[in-house]
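Everything on this sheet refers to the single structure shown next.
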Amino acid sequence: GQLLGLKDPFMHKVAARVIDVMGEDYGELVASRQFIEGLVLNEEKRFADTLHFGMKMFQDSLAELREKGATIIPGELVFKLYDTYGLSPDLLEDIAREEGLRVDLESYEKAMSRQRAQSQEAWKGSGEEEIPEVYRKLASKGIATRFTGYELYSTLSTIKAIVRSNRDVPSAEAGDDVEVILEQTPFYGAAGGQVGDTGWITRDGARMTVRETLRFGHDLIIHFGRLEEGRLAPGDRVEARVDEKRRRAIALNHTATHLLHAALREILGDHVKQAGSYVGPERFRFDFSHFTQVGSEQLREVENMVNAYIRQNHSLAVQELPRDEAMKTGAMAIFEERYGERVRIVSVGDAVSKELCGGTHTDRTGDVGIFKIVSESAVGANVRRIEALTGGAALEYVQRLEDEVTGMAALLKSTPDQLKERVDRLLKEHRQKEREVESLKAKLLSSQTGDLLSGIREIKGVRVLVREVGVESPKELREMGDQIRSRLGSGILVLGAKSKEKAMLLCVVSKDLAGRYKAGEIIGRLSEMLGGRGGGRPDMAQGGGPRPEELGRALEAVYDLVGS
């Protein structure tokens, strides 16, 4: 598009035409038209922005290289522009050739090789290698765990193995940090975004506090914790008891993720698919595919729909079926999730939601109580994230907000229902005061300009004005420079100011002198004296540094620079 001179996005129009042509044979294209066109348009806009910033960075880098007299563009720079902004080395080579430069392709290839090596390293440990060796050996011996936690919060069981420091051990004593495998357990092992259970494993004279529960593969559930008292060994009969209050809070949040998924698909469209989640006792987050930010009105609509599902108090039904048979029921599945040969289908109401899910849930949607969205954000290309609360945590959040609003109203001598009106009035008054301050500053600046012009010196036929002024920001320094430039005419203007333990500089060169004197070069030399850097256009540049005590010496040096 750039090469063809097409400035506006156009690929979504191409996609629309493809759908028109191919839609008769591929009905799913027509069904997903809104999603496809929106996704393509959003990606093209994102890439256009990326390309713009990448090209600007490249041009800035070229300017620096030209100033240094370099003839080679470093491969590391080319790699960064490709890796971060998607600018291909071929494109950069073409531009470099026009500038009389060449690209260091050898160092670029080395950088690419390092990147590939790091990517391959990141993949190590995935899949089967994620399971520690000690557990693979135990599984090969036929050790497995049956999960009873869908129906029970506690159960009697037998210890099958104890692991300490990555070794299968014959026993554990009080004070040991251990990992225990039971024959059967009510503890849910972290999977599918849901955190693992905590609780206790006990028998006469022995007590282990379970801090975390993980699942390796489909049949190995590991209880991580500390033996607080007594002794445990494989073969011991024990009671495994889950922290019921915590588990119930997790179940509220997990059921809410299903309701949220259903509401998002209803309001945003069928293109919405779960892309990840975290389900804990205090809160949950839900990642989903969508090509743009969800507006505040749509978020409120989603929140209202989820709370409507809750008030309708739908029952939840669970089926366990062979995986292939379950897929034929129309139940939604997460593409990245690895399912066993048999899967659970969790259905909400008659037609609210139907998903493959191995997590724990409430019996009815009414148990969730209240649902509150606390944030919506982007986590990747075309992936959004909603964070939310349910039950008691949601109620506490709303009450906390209510307390803050009441407190703010009291500070402003208002009431909660009149707070917005009071803040609007204060902001209006503040903006009016700011305008008055700016007006007074402009008048003061204008009066100072005339005084400043009295200090002009002439060096080699060039009018030079150098002054230290009392301003607080680079913006104010630029504004003062603009006012003086309009009255100075032909000449060079250098202004300096001290602000918050640093010095600021501005140089302006009139257009008729820009061929002989470069503002950027003057500012660069002066900024070095202040321990800093600076630069800009030939006719205007800014800089400064952290040594304000050197400002007077730097300003005095302007005359020598112009004279030389």
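Order determines the names: the first chain of the structure tokens is A, the second B, and so forth; residues in each chain are numbered 1 upward, and ligands are numbered 1 upward as they are shown.
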inquiry  = When you look at segment 264-281 of chain A with a cut-off of 7 Å (counting only C-alpha atoms), what residues show up, excluding the ones that are within fewer than 2 positions of it in the same chain? I need them as a ChimeraX atom specification.
reply    = /A:32,35,193-195,246,249-250,253-254,260-262,283-290,302,334
Convert the current residue selection to file output with C-alpha atoms, as a PDB file, in the first residue's frame.
ATOM      1  CA  SER A  32     -17.976 -14.354  10.337  1.00  0.00           C
ATOM      2  CA  PHE A  35     -15.281 -10.367  12.693  1.00  0.00           C
ATOM      3  CA  GLY A 193      -7.081 -21.822  34.541  1.00  0.00           C
ATOM      4  CA  GLN A 194      -8.501 -22.880  37.931  1.00  0.00           C
ATOM      5  CA  VAL A 195      -6.044 -22.781  40.840  1.00  0.00           C
ATOM      6  CA  ARG A 246     -11.938 -21.264  49.633  1.00  0.00           C
ATOM      7  CA  ALA A 249     -15.312 -19.033  46.381  1.00  0.00           C
ATOM      8  CA  ILE A 250     -13.364 -20.555  43.471  1.00  0.00           C
ATOM      9  CA  ASN A 253     -15.737 -17.470  40.008  1.00  0.00           C
ATOM     10  CA  HIS A 254     -15.512 -20.466  37.676  1.00  0.00           C
ATOM     11  CA  LEU A 260     -19.313 -14.035  31.124  1.00  0.00           C
ATOM     12  CA  HIS A 261     -18.305 -16.034  28.035  1.00  0.00           C
ATOM     13  CA  ALA A 262     -21.953 -16.466  27.081  1.00  0.00           C
ATOM     14  CA  ARG A 283     -11.033 -12.850  41.720  1.00  0.00           C
ATOM     15  CA  PHE A 284     -10.883 -14.123  38.170  1.00  0.00           C
ATOM     16  CA  ARG A 285      -9.698 -12.921  34.800  1.00  0.00           C
ATOM     17  CA  PHE A 286     -10.992 -13.977  31.416  1.00  0.00           C
ATOM     18  CA  ASP A 287      -9.065 -13.542  28.150  1.00  0.00           C
ATOM     19  CA  PHE A 288     -11.017 -13.625  24.898  1.00  0.00           C
ATOM     20  CA  SER A 289     -10.596 -12.992  21.180  1.00  0.00           C
ATOM     21  CA  HIS A 290     -11.852  -9.583  20.078  1.00  0.00           C
ATOM     22  CA  VAL A 302     -22.249  -7.472  29.577  1.00  0.00           C
ATOM     23  CA  ILE A 334     -10.730 -24.254  24.159  1.00  0.00           C
TER      24      ILE A 334
END
Strand (DSSP E) call set, DSSP backbone run, segment 262-470 of chain A, as an NGL selection string = :A and (274-279 or 284-289 or 316-322 or 342-348 or 353-356 or 371-380 or 383-390 or 457-459 or 462-468)
ask   = Running DSSP on the backbone, which parts of segment 411-500 of chain A land in helix (DSSP H, G or I), as a PyMOL selection string?
value = chain A and resi 411+416-455+474-488
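Interatomic distance, atom CA of Met540 of chain A against atom CA of Cys507 of chain A: 5.7 Å.
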message = I'd like the contact shell of segment 56-64 of chain A - 9 Å cut-off, only C-alpha atoms, skipping same-chain residues fewer than 5 positions apart - returned as a list in words.
response =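 Residues meeting the cut-off are Leu51, Gly69, Ala70, Ile73, Leu77, Val78, Leu81, Leu92, Ala96 and Glu99 of chain A.
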Could you write out that same residue set with N, CA and C atoms as a PDB file, in the first residue's frame?
ATOM      1  N   LEU A  51       4.550   0.821  11.463  1.00  0.00           N
ATOM      2  CA  LEU A  51       5.411   1.190  10.340  1.00  0.00           C
ATOM      3  C   LEU A  51       5.837   2.657  10.442  1.00  0.00           C
ATOM      4  N   GLY A  69      29.441  10.592  10.110  1.00  0.00           N
ATOM      5  CA  GLY A  69      30.195  10.244   8.922  1.00  0.00           C
ATOM      6  C   GLY A  69      30.247   8.753   8.661  1.00  0.00           C
ATOM      7  N   ALA A  70      29.314   7.981   9.284  1.00  0.00           N
ATOM      8  CA  ALA A  70      29.308   6.527   9.114  1.00  0.00           C
ATOM      9  C   ALA A  70      28.756   6.152   7.744  1.00  0.00           C
ATOM     10  N   ILE A  73      25.139   0.805   8.234  1.00  0.00           N
ATOM     11  CA  ILE A  73      24.042   0.742   9.211  1.00  0.00           C
ATOM     12  C   ILE A  73      24.237  -0.526  10.039  1.00  0.00           C
ATOM     13  N   LEU A  77      20.769  -2.610  14.733  1.00  0.00           N
ATOM     14  CA  LEU A  77      19.683  -1.656  14.493  1.00  0.00           C
ATOM     15  C   LEU A  77      18.673  -2.239  13.511  1.00  0.00           C
ATOM     16  N   VAL A  78      19.169  -2.850  12.446  1.00  0.00           N
ATOM     17  CA  VAL A  78      18.280  -3.460  11.446  1.00  0.00           C
ATOM     18  C   VAL A  78      17.441  -4.560  12.095  1.00  0.00           C
ATOM     19  N   LEU A  81      14.684  -3.006  14.275  1.00  0.00           N
ATOM     20  CA  LEU A  81      13.596  -2.458  13.467  1.00  0.00           C
ATOM     21  C   LEU A  81      12.726  -3.574  12.887  1.00  0.00           C
ATOM     22  N   LEU A  92      14.892  -1.793   4.203  1.00  0.00           N
ATOM     23  CA  LEU A  92      15.906  -0.923   4.795  1.00  0.00           C
ATOM     24  C   LEU A  92      17.149  -0.837   3.903  1.00  0.00           C
ATOM     25  N   ALA A  96      18.714   2.533   2.444  1.00  0.00           N
ATOM     26  CA  ALA A  96      20.133   2.791   2.731  1.00  0.00           C
ATOM     27  C   ALA A  96      20.896   3.063   1.432  1.00  0.00           C
ATOM     28  N   GLU A  99      20.620   6.436   0.254  1.00  0.00           N
ATOM     29  CA  GLU A  99      21.353   7.382   1.101  1.00  0.00           C
ATOM     30  C   GLU A  99      22.868   7.200   0.980  1.00  0.00           C
TER      31      GLU A  99
END
message = Would you compute the distance between atom CA of Asp363 of chain A and atom CA of Leu316 of chain A? Give it in Å to one decimal.
response = 5.6 Å
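For the pair atom CA of Asp49 of chain A and atom CA of Arg97 of chain A, the interatomic distance is 24.6 Å.
Take the candidates A:Glu76, A:Thr292, A:Arg248, A:Gln298 and check each one against Val379 of chain A using only C-alpha atoms; the shortest distance goes to A:Thr292.
Across A:Ala256, A:Ala31, A:Val437, A:Val134, the tightest approach to Gly369 of chain A is made by A:Ala256 when counting only C-alpha atoms.
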ask   = Any idea what's packed within 12 Å of Ser486 of chain A, counting only C-alpha atoms, ignoring anything in its chain fewer than 2 positions away? Could you give it as a ChimeraX atom specification?
value = /A:446,449-450,453,479-484,488-491,493,508-510
